[in-house]
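J.: Enclosed is the structure file entry-v5.cif (mmCIF, C-alpha atoms).
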```cif
data_entry
#
loop_
_atom_site.label_atom_id
_atom_site.label_comp_id
_atom_site.auth_asym_id
_atom_site.auth_seq_id
_atom_site.Cartn_x
_atom_site.Cartn_y
_atom_site.Cartn_z
CA MET A 1264 0.00 0.00 0.00
CA THR A 1265 1.51 3.28 -1.06
CA THR A 1266 0.67 6.41 0.86
CA SER A 1267 0.59 9.82 -0.78
CA ASN A 1268 3.72 10.66 1.17
CA ASP A 1269 5.54 7.77 -0.49
CA SER A 1270 4.36 8.83 -3.92
CA MET A 1271 5.57 12.39 -3.31
CA GLN A 1272 8.96 10.96 -2.42
CA LEU A 1273 8.87 8.86 -5.56
CA MET A 1274 8.16 11.92 -7.66
CA GLU A 1275 10.94 13.91 -6.00
CA TYR A 1276 13.32 11.00 -6.55
CA TYR A 1277 12.37 10.92 -10.24
CA LEU A 1278 12.79 14.68 -10.63
CA GLY A 1279 16.09 14.52 -8.75
CA ARG A 1280 17.40 11.95 -11.22
CA LEU A 1281 16.23 14.13 -14.10
CA ARG A 1282 17.91 17.22 -12.63
CA HIS A 1283 21.09 15.28 -12.04
CA SER A 1284 21.13 14.04 -15.65
CA ILE A 1285 20.91 17.55 -17.07
CA ALA A 1286 23.45 18.99 -14.65
CA GLY A 1287 25.43 20.58 -17.48
CA PHE A 1288 22.59 22.89 -18.55
CA PRO A 1289 22.37 26.57 -17.60
CA PRO A 1290 20.52 26.70 -14.23
CA ALA A 1291 17.50 28.60 -15.57
CA GLU A 1292 16.97 26.12 -18.36
CA ARG A 1293 17.40 23.18 -15.98
CA ASP A 1294 14.83 24.60 -13.55
CA GLU A 1295 12.38 25.09 -16.37
CA ILE A 1296 12.73 21.53 -17.63
CA VAL A 1297 12.21 20.11 -14.14
CA ALA A 1298 9.27 22.46 -13.48
CA GLU A 1299 7.55 21.37 -16.67
CA ILE A 1300 7.91 17.65 -15.91
CA ARG A 1301 6.80 18.30 -12.33
CA SER A 1302 3.70 20.07 -13.62
CA HIS A 1303 3.01 17.11 -15.91
CA ILE A 1304 3.32 14.53 -13.13
CA THR A 1305 1.22 16.53 -10.68
CA GLU A 1306 -1.61 17.18 -13.06
CA ARG A 1307 -1.68 13.69 -14.51
CA SER A 1308 -1.84 12.17 -11.01
CA LEU A 1309 -4.72 14.25 -9.72
CA ILE A 1310 -8.07 12.62 -8.97
CA ASP A 1311 -10.65 15.14 -7.77
CA GLY A 1312 -7.95 17.61 -6.88
CA VAL A 1313 -5.92 15.13 -4.82
CA VAL A 1314 -2.67 13.47 -5.91
CA ASP A 1315 -3.35 9.75 -6.19
CA PRO A 1316 -0.41 7.48 -5.26
CA ARG A 1317 -1.20 4.85 -7.86
CA ARG A 1318 -1.55 7.42 -10.59
CA VAL A 1319 1.87 8.86 -9.70
CA ARG A 1320 3.44 5.47 -10.33
CA GLU A 1321 1.63 5.04 -13.64
CA THR A 1322 2.52 8.55 -14.73
CA LEU A 1323 6.21 8.05 -14.02
CA GLU A 1324 6.16 4.76 -15.88
CA ALA A 1325 4.48 6.34 -18.89
CA LEU A 1326 7.04 9.15 -18.93
CA GLY A 1327 9.94 6.74 -19.31
CA ARG A 1328 13.30 6.81 -17.57
CA PRO A 1329 14.43 10.31 -16.55
CA GLU A 1330 17.88 9.62 -17.97
CA GLU A 1331 16.26 8.92 -21.33
CA ILE A 1332 14.40 12.24 -21.30
CA ALA A 1333 17.56 14.03 -20.22
CA SER A 1334 19.54 12.44 -23.00
CA GLN A 1335 17.10 13.79 -25.58
CA TYR A 1336 17.38 17.29 -24.19
CA GLN A 1337 21.13 16.89 -24.14
CA THR A 1338 21.55 15.66 -27.68
CA ASP A 1339 19.88 18.74 -29.07
CA ALA A 1340 21.76 21.07 -26.75
CA LEU A 1341 25.10 19.43 -27.49
CA LEU A 1342 24.53 19.50 -31.24
CA ALA A 1343 23.54 23.13 -30.99
CA ARG A 1344 26.77 23.97 -29.19
CA ALA A 1345 28.77 21.84 -31.62
CA ALA A 1346 27.28 23.61 -34.64
CA GLY A 1347 28.79 26.82 -33.31
CA SER A 1348 32.07 25.34 -32.15
CA ARG A 1349 35.41 24.49 -33.72
CA SER A 1350 36.49 21.98 -31.12
CA PRO A 1351 37.04 18.52 -32.64
CA TRP A 1352 36.45 16.99 -29.20
CA LEU A 1353 33.04 18.63 -28.84
CA LEU A 1354 32.10 17.75 -32.41
CA LEU A 1355 33.06 14.12 -31.86
CA ARG A 1356 31.08 13.92 -28.62
CA ALA A 1357 28.02 15.53 -30.17
CA THR A 1358 28.06 13.31 -33.24
CA LEU A 1359 28.67 10.18 -31.16
CA ARG A 1360 25.54 10.96 -29.15
CA TRP A 1361 23.69 11.55 -32.38
CA ALA A 1362 25.06 8.31 -33.83
CA MET A 1363 23.27 6.38 -31.11
CA LEU A 1364 19.93 7.79 -32.27
CA GLY A 1365 19.92 6.75 -35.89
CA ALA A 1366 21.58 6.05 -39.20
CA LYS A 1367 22.08 9.66 -40.22
CA GLY A 1368 23.87 10.53 -37.01
CA PHE A 1369 25.96 7.40 -37.34
CA GLY A 1370 27.03 8.32 -40.86
CA ILE A 1371 28.06 11.79 -39.79
CA PHE A 1372 29.91 10.39 -36.78
CA MET A 1373 31.87 8.06 -39.08
CA ILE A 1374 32.84 10.99 -41.31
CA ALA A 1375 34.06 12.85 -38.23
CA VAL A 1376 36.07 9.88 -36.95
CA THR A 1377 37.62 9.19 -40.35
CA GLY A 1378 38.59 12.83 -40.84
CA TYR A 1379 40.14 13.28 -37.42
CA VAL A 1380 41.95 9.94 -37.46
CA MET A 1381 43.44 10.89 -40.81
CA ALA A 1382 44.57 14.21 -39.37
CA ALA A 1383 46.10 12.45 -36.36
CA ALA A 1384 47.95 10.05 -38.66
CA PHE A 1385 49.47 12.95 -40.62
CA PHE A 1386 50.60 14.65 -37.41
CA LEU A 1387 52.07 11.40 -36.14
CA CYS A 1388 54.06 10.98 -39.35
CA ALA A 1389 55.38 14.53 -39.06
CA ILE A 1390 56.40 14.11 -35.42
CA LEU A 1391 57.96 10.65 -35.78
CA LYS A 1392 59.84 11.27 -39.02
CA PRO A 1393 63.01 12.54 -37.24
CA PHE A 1394 63.09 9.39 -35.09
CA PHE A 1395 62.44 6.87 -37.86
CA PRO A 1396 63.77 8.60 -40.96
CA GLU A 1397 64.13 5.31 -42.85
CA ASN A 1398 60.64 3.98 -42.07
CA ILE A 1399 58.33 6.96 -42.38
CA GLY A 1400 57.72 8.65 -45.66
CA LEU A 1401 55.56 9.30 -48.64
CA TRP A 1402 56.12 6.11 -50.54
CA MET A 1403 55.75 5.41 -54.20
CA GLY A 1404 56.01 1.89 -55.41
CA PRO A 1405 54.60 -0.53 -57.97
CA ALA A 1406 52.94 -2.68 -55.30
CA THR A 1407 51.39 -0.04 -53.06
CA GLY A 1408 50.99 3.01 -55.26
CA LEU A 1409 51.21 6.31 -53.43
CA SER A 1410 50.95 6.09 -49.65
CA MET A 1411 52.13 7.89 -46.58
CA GLY A 1412 52.99 6.10 -43.40
CA PHE A 1413 55.22 3.76 -41.47
CA HIS A 1414 56.85 0.87 -43.27
CA ALA A 1415 58.52 -1.47 -40.80
CA ALA A 1416 60.39 -3.36 -43.50
CA ARG A 1417 61.22 -1.34 -46.54
CA ASP A 1418 59.77 -2.50 -49.78
CA PRO A 1419 62.88 -2.56 -51.99
CA GLN A 1420 60.88 -1.43 -55.00
CA ALA A 1421 59.28 1.57 -53.26
CA TRP A 1422 60.97 4.91 -53.03
CA GLU A 1423 60.40 7.87 -50.74
CA LEU A 1424 59.36 11.19 -52.29
CA LEU A 1425 59.61 13.88 -49.63
CA GLY A 1426 62.67 13.32 -47.41
CA HIS A 1427 63.16 16.28 -45.09
CA TRP A 1428 60.10 17.93 -46.53
CA LEU A 1429 57.88 15.32 -44.99
CA PRO A 1430 57.28 16.92 -41.55
CA PRO A 1431 56.07 20.31 -42.84
CA VAL A 1432 54.02 18.73 -45.63
CA ALA A 1433 52.41 16.18 -43.28
CA MET A 1434 51.70 18.94 -40.75
CA LEU A 1435 49.99 20.97 -43.43
CA LEU A 1436 47.94 17.97 -44.61
CA GLY A 1437 46.97 17.20 -41.01
CA LEU A 1438 45.87 20.76 -40.46
CA LEU A 1439 43.84 20.71 -43.66
CA ALA A 1440 42.22 17.42 -42.60
CA ILE A 1441 41.22 18.89 -39.22
CA LEU A 1442 39.86 22.11 -40.69
CA GLY A 1443 38.07 20.31 -43.52
CA THR A 1444 36.46 17.76 -41.20
CA THR A 1445 35.42 20.39 -38.68
CA HIS A 1446 33.93 22.55 -41.40
CA ALA A 1447 32.06 19.63 -42.97
CA ILE A 1448 30.65 18.32 -39.68
CA ARG A 1449 29.47 21.75 -38.59
CA ALA A 1450 27.77 22.25 -41.93
CA LEU A 1451 26.13 18.82 -41.75
CA ILE A 1452 24.84 19.45 -38.22
CA ARG A 1453 23.45 22.83 -39.23
CA ARG A 1454 21.81 21.46 -42.35
CA SER A 1455 20.18 18.64 -40.43
CA GLY A 1456 17.99 21.17 -38.62
CA ARG A 1457 18.45 19.31 -35.35
CA ALA A 1458 20.36 22.09 -33.72
CA LYS A 1459 18.92 25.08 -35.47
CA LEU A 1460 18.95 28.40 -33.71
CA ARG A 1461 19.26 27.09 -30.21
CA TRP A 1462 22.73 28.44 -29.64
CA ARG A 1463 21.73 31.73 -31.21
CA ALA A 1464 18.56 31.89 -29.18
CA ASP A 1465 20.53 31.34 -25.99
CA PRO A 1466 23.12 34.11 -25.56
CA ARG A 1467 24.93 32.10 -22.89
CA ASN A 1468 26.25 29.69 -25.48
CA MET B 34 8.64 -13.55 -36.74
CA ASN B 35 6.70 -11.38 -39.13
CA HIS B 36 6.04 -8.37 -36.97
CA PRO B 37 7.38 -5.08 -38.31
CA PRO B 38 10.76 -4.43 -36.70
CA GLU B 39 10.31 -2.38 -33.56
CA ASN B 40 12.98 0.00 -34.70
CA TRP B 41 11.12 0.79 -37.90
CA GLU B 42 7.91 1.53 -36.02
CA ALA B 43 9.78 3.76 -33.62
CA GLN B 44 11.40 5.68 -36.48
CA VAL B 45 8.06 6.24 -38.20
CA ARG B 46 6.49 7.43 -34.96
CA LYS B 47 9.39 9.71 -34.20
CA GLY B 48 9.36 11.18 -37.66
CA CYS B 49 5.67 11.99 -37.42
CA LEU B 50 5.70 13.36 -33.90
CA GLU B 51 6.91 16.79 -34.93
CA LEU B 52 4.11 17.17 -37.46
CA ALA B 53 1.59 15.85 -34.94
CA ILE B 54 2.61 18.47 -32.38
CA LEU B 55 2.43 21.29 -34.92
CA ALA B 56 -1.00 19.99 -35.92
CA ALA B 57 -2.18 19.83 -32.31
CA LEU B 58 -1.19 23.47 -31.81
CA TRP B 59 -2.85 24.58 -35.05
CA ARG B 60 -6.07 25.61 -33.33
CA GLY B 61 -4.51 27.50 -30.45
CA ARG B 62 -2.51 27.50 -27.23
CA LEU B 63 -2.06 24.27 -25.34
CA TYR B 64 0.14 23.10 -22.50
CA GLY B 65 2.21 19.93 -22.65
CA LEU B 66 -0.30 17.54 -21.15
CA GLU B 67 -3.11 18.81 -23.39
CA ILE B 68 -0.92 18.22 -26.42
CA LEU B 69 -0.19 14.71 -25.17
CA ARG B 70 -3.87 13.96 -24.66
CA LEU B 71 -4.71 15.16 -28.16
CA LEU B 72 -1.99 12.93 -29.59
CA GLU B 73 -3.17 9.96 -27.56
CA ASP B 74 -6.77 10.39 -28.63
CA GLY B 75 -6.00 10.90 -32.28
CA SER B 76 -3.26 8.34 -32.85
CA ASN B 77 -0.95 5.74 -31.42
CA LEU B 78 2.02 8.02 -31.86
CA ILE B 79 3.22 8.11 -28.30
CA VAL B 80 5.36 5.43 -26.75
CA ALA B 81 7.18 7.21 -23.93
CA GLU B 82 5.34 10.37 -22.91
CA GLY B 83 8.60 11.94 -21.83
CA THR B 84 9.72 12.31 -25.45
CA VAL B 85 7.22 15.08 -26.11
CA TYR B 86 8.88 17.59 -23.79
CA PRO B 87 12.39 17.54 -25.30
CA LEU B 88 10.77 17.79 -28.71
CA LEU B 89 8.76 20.84 -27.65
CA SER B 90 11.97 22.39 -26.40
CA ARG B 91 13.64 21.76 -29.75
CA LEU B 92 10.71 23.18 -31.73
CA LYS B 93 10.93 26.27 -29.57
CA ALA B 94 14.66 26.54 -30.18
CA GLU B 95 13.95 26.32 -33.90
CA GLY B 96 11.56 29.25 -33.57
CA LEU B 97 8.52 27.22 -34.62
CA ILE B 98 6.66 27.61 -31.33
CA GLU B 99 6.65 30.04 -28.40
CA SER B 100 5.90 29.35 -24.76
CA GLU B 101 4.75 31.03 -21.58
CA TRP B 102 4.14 29.92 -17.99
CA VAL B 103 0.60 30.45 -16.73
CA GLU B 104 -0.72 29.78 -13.22
CA SER B 105 -3.65 27.32 -13.32
CA GLU B 106 -6.79 27.46 -11.17
CA GLY B 107 -5.45 24.44 -9.33
CA GLY B 108 -2.45 26.50 -8.26
CA HIS B 109 0.30 24.76 -10.19
CA PRO B 110 1.94 26.44 -13.17
CA ARG B 111 1.52 25.19 -16.73
CA LYS B 112 3.74 25.91 -19.69
CA TYR B 113 1.61 26.91 -22.67
CA TYR B 114 2.78 26.68 -26.26
CA TRP B 115 1.57 28.24 -29.47
CA LEU B 116 2.72 28.34 -33.09
CA THR B 117 4.79 31.18 -34.46
CA LYS B 118 4.44 32.31 -38.05
CA ALA B 119 7.38 30.12 -38.99
CA GLY B 120 5.70 27.23 -37.16
CA ARG B 121 2.47 27.63 -39.14
CA GLN B 122 4.43 27.68 -42.38
CA ARG B 123 6.45 24.62 -41.41
CA GLY B 124 3.30 22.80 -40.28
CA ALA B 125 1.45 23.55 -43.48
CA ALA B 126 4.42 22.47 -45.60
CA MET B 127 4.87 19.24 -43.64
CA ALA B 128 1.16 18.45 -43.81
CA GLY B 129 1.18 18.98 -47.57
CA PHE B 130 4.13 16.69 -48.02
CA TRP B 131 2.65 14.08 -45.71
CA ALA B 132 -0.74 14.01 -47.46
CA GLU B 133 0.89 13.45 -50.84
CA PHE B 134 3.32 10.91 -49.46
CA ALA B 135 0.65 8.93 -47.60
CA ALA B 136 -1.63 8.92 -50.63
CA SER B 137 1.00 7.55 -52.99
CA LEU B 138 2.26 5.01 -50.49
CA GLY B 139 -1.32 4.06 -49.69
CA THR B 140 -1.98 3.15 -53.29
CA LEU B 141 1.24 1.19 -53.46
CA ILE B 142 0.62 -0.89 -50.37
CA GLN B 143 -3.03 -1.62 -51.15
CA PRO B 144 -2.28 -5.18 -52.33
CA LEU B 145 -0.39 -5.90 -49.10
CA LEU B 146 -3.48 -5.19 -47.08
CA GLY B 147 -5.38 -7.97 -48.82
CA GLY B 148 -7.82 -5.52 -50.35
CA LYS B 149 -9.60 -5.39 -47.03
CA SER B 150 -10.53 -1.76 -47.20
CA ARG B 151 -10.25 0.81 -49.94
CA HIS B 152 -11.00 3.67 -47.62
CA GLY B 153 -9.39 2.43 -44.44
CA LYS B 154 -6.21 3.70 -42.91
CA ALA B 155 -3.32 3.63 -45.31
CA LEU B 156 -0.75 3.38 -42.55
#
```
What would you get if you wrote out this structure as structure tokens?

T.:
Amino acid sequence: MTTSNDSMQLMEYYLGRLRHSIAGFPPAERDEIVAEIRSHITERSLIDGVVDPRRVRETLEALGRPEEIASQYQTDALLARAAGSRSPWLLLRATLRWAMLGAKGFGIFMIAVTGYVMAAAFFLCAILKPFFPENIGLWMGPATGLSMGFHAARDPQAWELLGHWLPPVAMLLGLLAILGTTHAIRALIRRSGRAKLRWRADPRN
Amino acid sequence: MNHPPENWEAQVRKGCLELAILAALWRGRLYGLEILRLLEDGSNLIVAEGTVYPLLSRLKAEGLIESEWVESEGGHPRKYYWLTKAGRQRGAAMAGFWAEFAASLGTLIQPLLGGKSRHGKAL
């Protein structure tokens, strides 16, 4: 037998979990989200003006897990911030979250990963070239065609094209890969309409 | 197992929810629970009720709806929503697309329904 005191505690517990899951939001926005869900639960649980314990339970069940609701608020907020950001880390996090929601998000996440991994590989080549001058290079050979990277055992038929020019060239390519990927992901997020205007509407972001 | 994949159903529902909310608000201001009740009466769109609120927040961020807190007679506040001009335009455009889409798909899937009803629900 649930008393109305118990059901109030249950509601507060639910709202507490919701609040906790959107901890990263600006306080005003967080309060408003919690207030709206609180209003929903209260009104849906009323029978003749009194909160009914059983109805509270049913209402919370119908709402779904608070973490799930929070994650939906967060995906949109994160994408909105990402659309206005140049941070690869933020873009990767936002698109990863999106990837878990559907095929389109997954595709865009894969583009982001591919682009940034490529950039990282270029930087790694540039940095490691002085330490492994014989193994890292831009190789040209009949078997492999044109490729940049680390060859543990040298293919006797392949030759290296860049020599000392490799670090600056790889750095430049890495930089271009980062900028290109960032630009493309931002454009894709904006065009998707998922994050439209939010960051402009909220001056805090 | 010949049931439609759950994921597909969820995607269809999710895709239609935005249009359903814009449609619910077409006639005037409503608060969240009223919108939910309209959607529940008119369709089986809703799975988890909690999904409506983040969606409302996104539609507001997109400038399609506006909102305002109003104190109810019961004493607790309610957040009312209404369509902006952009929201009406988006709603009308989506409804137009949907009607055409549903009609053409409805014709196409007629044989799959065993010819049970020519005028019944297409989807």

J.: Determine which residues of chain B sit within 7 Å of chain A, taking into account only C-alpha atoms, and present them as a list of chain:residue names.

T.: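 For chain B, the answer reads B:Leu66, B:Ala81, B:Glu82, B:Gly83, B:Thr84, B:Pro87, B:Arg91, B:Ala94, B:Glu95, B:His109, B:Pro110, B:Arg111, B:Lys112.
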
J.: Once the PyMOL selection byres ((chain A and resi 1424) around 8) has been evaluated on this model, what residues remain selected, and can you format them as a list of chain:residue names?

T.: A:Gly1400, A:Leu1401, A:Trp1402, A:Met1403, A:Trp1422, A:Glu1423, A:Leu1425, A:Gly1426

J.: Selection in question (the file shown): the PyMOL selection byres ((chain A and resi 1440) around 8). Which residues does it include, as a ChimeraX atom specification?

T.: /A:1378-1379,1381-1382,1436-1439,1441-1444

J.: Quick one: distance from CA of Ser1284 in chain A to CA of Trp102 in chain B in Å, one decimal?

T.: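 The value is 23.4 Å.
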
J.: Quick one: everything within 12 Å of range 73-76 of chain B, counting only C-alpha atoms, minus sequence neighbours fewer than 2 positions away in the same chain. Send it as a list of chain:residue names.

T.: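 Here the answer would be B:Arg46, B:Cys49, B:Leu50, B:Ala53, B:Ile54, B:Ala56, B:Ala57, B:Leu66, B:Glu67, B:Ile68, B:Leu69, B:Arg70, B:Leu71, B:Leu78, B:Ile79, B:Val80, B:Ala81, B:Glu82, B:Val85, B:Lys154, B:Leu156.
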
J.: Enumerate, as a list in words, the protein, DNA and RNA residues whose atoms approach (31.1, 19.6, -43.2) to within 12 Å, taking into account only C-alpha atoms and the coordinate frame of the file.

T.: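 Counting only C-alpha atoms, I find these residues within 12 Å of (31.1, 19.6, -43.2): Ala1346, Arg1349, Leu1354, Ile1371, Phe1372, Ile1374, Ala1375, Gly1378, Ala1440, Ile1441, Leu1442, Gly1443, Thr1444, Thr1445, His1446, Ala1447, Ile1448, Arg1449, Ala1450, Leu1451, Ile1452, Arg1453, Arg1454 and Ser1455 of chain A.
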
J.: Got time to write the residues from that selection, C-alpha atoms, as a short mmCIF file (atom, residue, chain, number, x, y, z; two decimals), in the coordinates of the input?

T.:
```cif
data_model
loop_
_atom_site.label_atom_id
_atom_site.label_comp_id
_atom_site.auth_asym_id
_atom_site.auth_seq_id
_atom_site.Cartn_x
_atom_site.Cartn_y
_atom_site.Cartn_z
CA ALA A 1346 27.28 23.61 -34.64
CA ARG A 1349 35.41 24.49 -33.72
CA LEU A 1354 32.10 17.75 -32.41
CA ILE A 1371 28.06 11.79 -39.79
CA PHE A 1372 29.91 10.39 -36.78
CA ILE A 1374 32.84 10.99 -41.31
CA ALA A 1375 34.06 12.85 -38.23
CA GLY A 1378 38.59 12.83 -40.84
CA ALA A 1440 42.22 17.42 -42.60
CA ILE A 1441 41.22 18.89 -39.22
CA LEU A 1442 39.86 22.11 -40.69
CA GLY A 1443 38.07 20.31 -43.52
CA THR A 1444 36.46 17.76 -41.20
CA THR A 1445 35.42 20.39 -38.68
CA HIS A 1446 33.93 22.55 -41.40
CA ALA A 1447 32.06 19.63 -42.97
CA ILE A 1448 30.65 18.32 -39.68
CA ARG A 1449 29.47 21.75 -38.59
CA ALA A 1450 27.77 22.25 -41.93
CA LEU A 1451 26.13 18.82 -41.75
CA ILE A 1452 24.84 19.45 -38.22
CA ARG A 1453 23.45 22.83 -39.23
CA ARG A 1454 21.81 21.46 -42.35
CA SER A 1455 20.18 18.64 -40.43
#
```

J.: Using all atoms listed in the file - which residues lie no farther than 8 Å from the point (27.3, 19.5, -20.6) in the file's frame? Write them as a list of chain:residue names.

T.: A:Ile1285, A:Ala1286, A:Gly1287, A:Phe1288, A:Gln1337, A:Leu1341

J.: When you draw a straight line from CA of His1414 in chain A to CA of Pro1351 in chain A, how long is it in Å?

T.: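 CA of Pro1351 in chain A lies at a distance of 28.6 Å from CA of His1414 in chain A.
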
J.: Mind pulling up the distance from CA of Glu99 in chain B to CA of Arg121 in chain B?

T.: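 Answer for the CA of Arg121 in chain B to CA of Glu99 in chain B separation: 11.8 Å.
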
J.: Between A:Ala1421, A:Val1297, A:Ala1383, A:Val1319, which is the closest to Met1274 in chain A once you count all atoms listed in the file?

T.: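 Among the listed residues, A:Val1319 lies closest to Met1274 in chain A.
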
J.: Within 9 Å of Lys118 in chain B, counting all atoms listed in the file, which residues qualify if same-chain residues fewer than 4 places away don't, as a list in words?

T.: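 What passes the distance filter is Gly96, Leu97, Ile98, Gln122 and Arg123 of chain B.
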
J.: Using C-alpha atoms, can you export the residues from the last selection as an mmCIF file, keeping the file's coordinate frame?

T.:
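Output saved as part_35.cif:
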```
data_model
loop_
_atom_site.group_PDB
_atom_site.id
_atom_site.type_symbol
_atom_site.label_atom_id
_atom_site.label_comp_id
_atom_site.auth_asym_id
_atom_site.auth_seq_id
_atom_site.Cartn_x
_atom_site.Cartn_y
_atom_site.Cartn_z
ATOM 1 C CA GLY B 96 11.560 29.250 -33.570
ATOM 2 C CA LEU B 97 8.520 27.220 -34.620
ATOM 3 C CA ILE B 98 6.660 27.610 -31.330
ATOM 4 C CA GLN B 122 4.430 27.680 -42.380
ATOM 5 C CA ARG B 123 6.450 24.620 -41.410
#
```

J.: Box along x, y and z, 4 Å on every side, all listed atoms of range 102-119 of chain B inside: centre and edge lengths in Å to one decimal, as lines of an AutoDock Vina configuration file.

T.:
```
center_x = 0.3
center_y = 28.4
center_z = -23.6
size_x = 22.2
size_y = 15.9
size_z = 38.7
```

J.: Compare A:Met1411, A:Cys1388, A:Glu1330, A:Pro1430 by their minimum atom-to-atom distance to Leu1281 in chain A, counting only C-alpha atoms, and give me the closest one.

T.: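 When distances to Leu1281 in chain A are compared using only C-alpha atoms, the smallest one comes from A:Glu1330.
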
J.: Taking N, CA and C atoms as the atom set, what does range 1436-1447 of chain A look like once completed, written as an mmCIF file, in the coordinates of the input?

T.:
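The resulting file, result-v5.cif, is reproduced below:
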```cif
data_model
loop_
_atom_site.group_PDB
_atom_site.id
_atom_site.type_symbol
_atom_site.label_atom_id
_atom_site.label_comp_id
_atom_site.auth_asym_id
_atom_site.auth_seq_id
_atom_site.Cartn_x
_atom_site.Cartn_y
_atom_site.Cartn_z
ATOM 1 N N LEU A 1436 49.042 18.870 -44.249
ATOM 2 C CA LEU A 1436 47.940 17.970 -44.610
ATOM 3 C C LEU A 1436 47.060 17.667 -43.400
ATOM 4 N N GLY A 1437 47.719 17.477 -42.238
ATOM 5 C CA GLY A 1437 46.970 17.200 -41.010
ATOM 6 C C GLY A 1437 46.065 18.357 -40.654
ATOM 7 N N LEU A 1438 46.642 19.554 -40.769
ATOM 8 C CA LEU A 1438 45.870 20.760 -40.460
ATOM 9 C C LEU A 1438 44.668 20.882 -41.406
ATOM 10 N N LEU A 1439 44.932 20.633 -42.681
ATOM 11 C CA LEU A 1439 43.840 20.710 -43.660
ATOM 12 C C LEU A 1439 42.762 19.667 -43.349
ATOM 13 N N ALA A 1440 43.200 18.475 -42.929
ATOM 14 C CA ALA A 1440 42.220 17.420 -42.600
ATOM 15 C C ALA A 1440 41.363 17.840 -41.426
ATOM 16 N N ILE A 1441 41.986 18.443 -40.399
ATOM 17 C CA ILE A 1441 41.220 18.890 -39.220
ATOM 18 C C ILE A 1441 40.230 19.974 -39.623
ATOM 19 N N LEU A 1442 40.736 20.986 -40.329
ATOM 20 C CA LEU A 1442 39.860 22.110 -40.690
ATOM 21 C C LEU A 1442 38.728 21.643 -41.603
ATOM 22 N N GLY A 1443 39.079 20.804 -42.568
ATOM 23 C CA GLY A 1443 38.070 20.310 -43.520
ATOM 24 C C GLY A 1443 36.991 19.501 -42.806
ATOM 25 N N THR A 1444 37.428 18.595 -41.922
ATOM 26 C CA THR A 1444 36.460 17.760 -41.200
ATOM 27 C C THR A 1444 35.559 18.614 -40.332
ATOM 28 N N THR A 1445 36.192 19.525 -39.564
ATOM 29 C CA THR A 1445 35.420 20.390 -38.680
ATOM 30 C C THR A 1445 34.374 21.173 -39.464
ATOM 31 N N HIS A 1446 34.834 21.751 -40.575
ATOM 32 C CA HIS A 1446 33.930 22.550 -41.400
ATOM 33 C C HIS A 1446 32.762 21.702 -41.906
ATOM 34 N N ALA A 1447 33.095 20.506 -42.400
ATOM 35 C CA ALA A 1447 32.060 19.630 -42.970
ATOM 36 C C ALA A 1447 31.058 19.195 -41.910
#
```
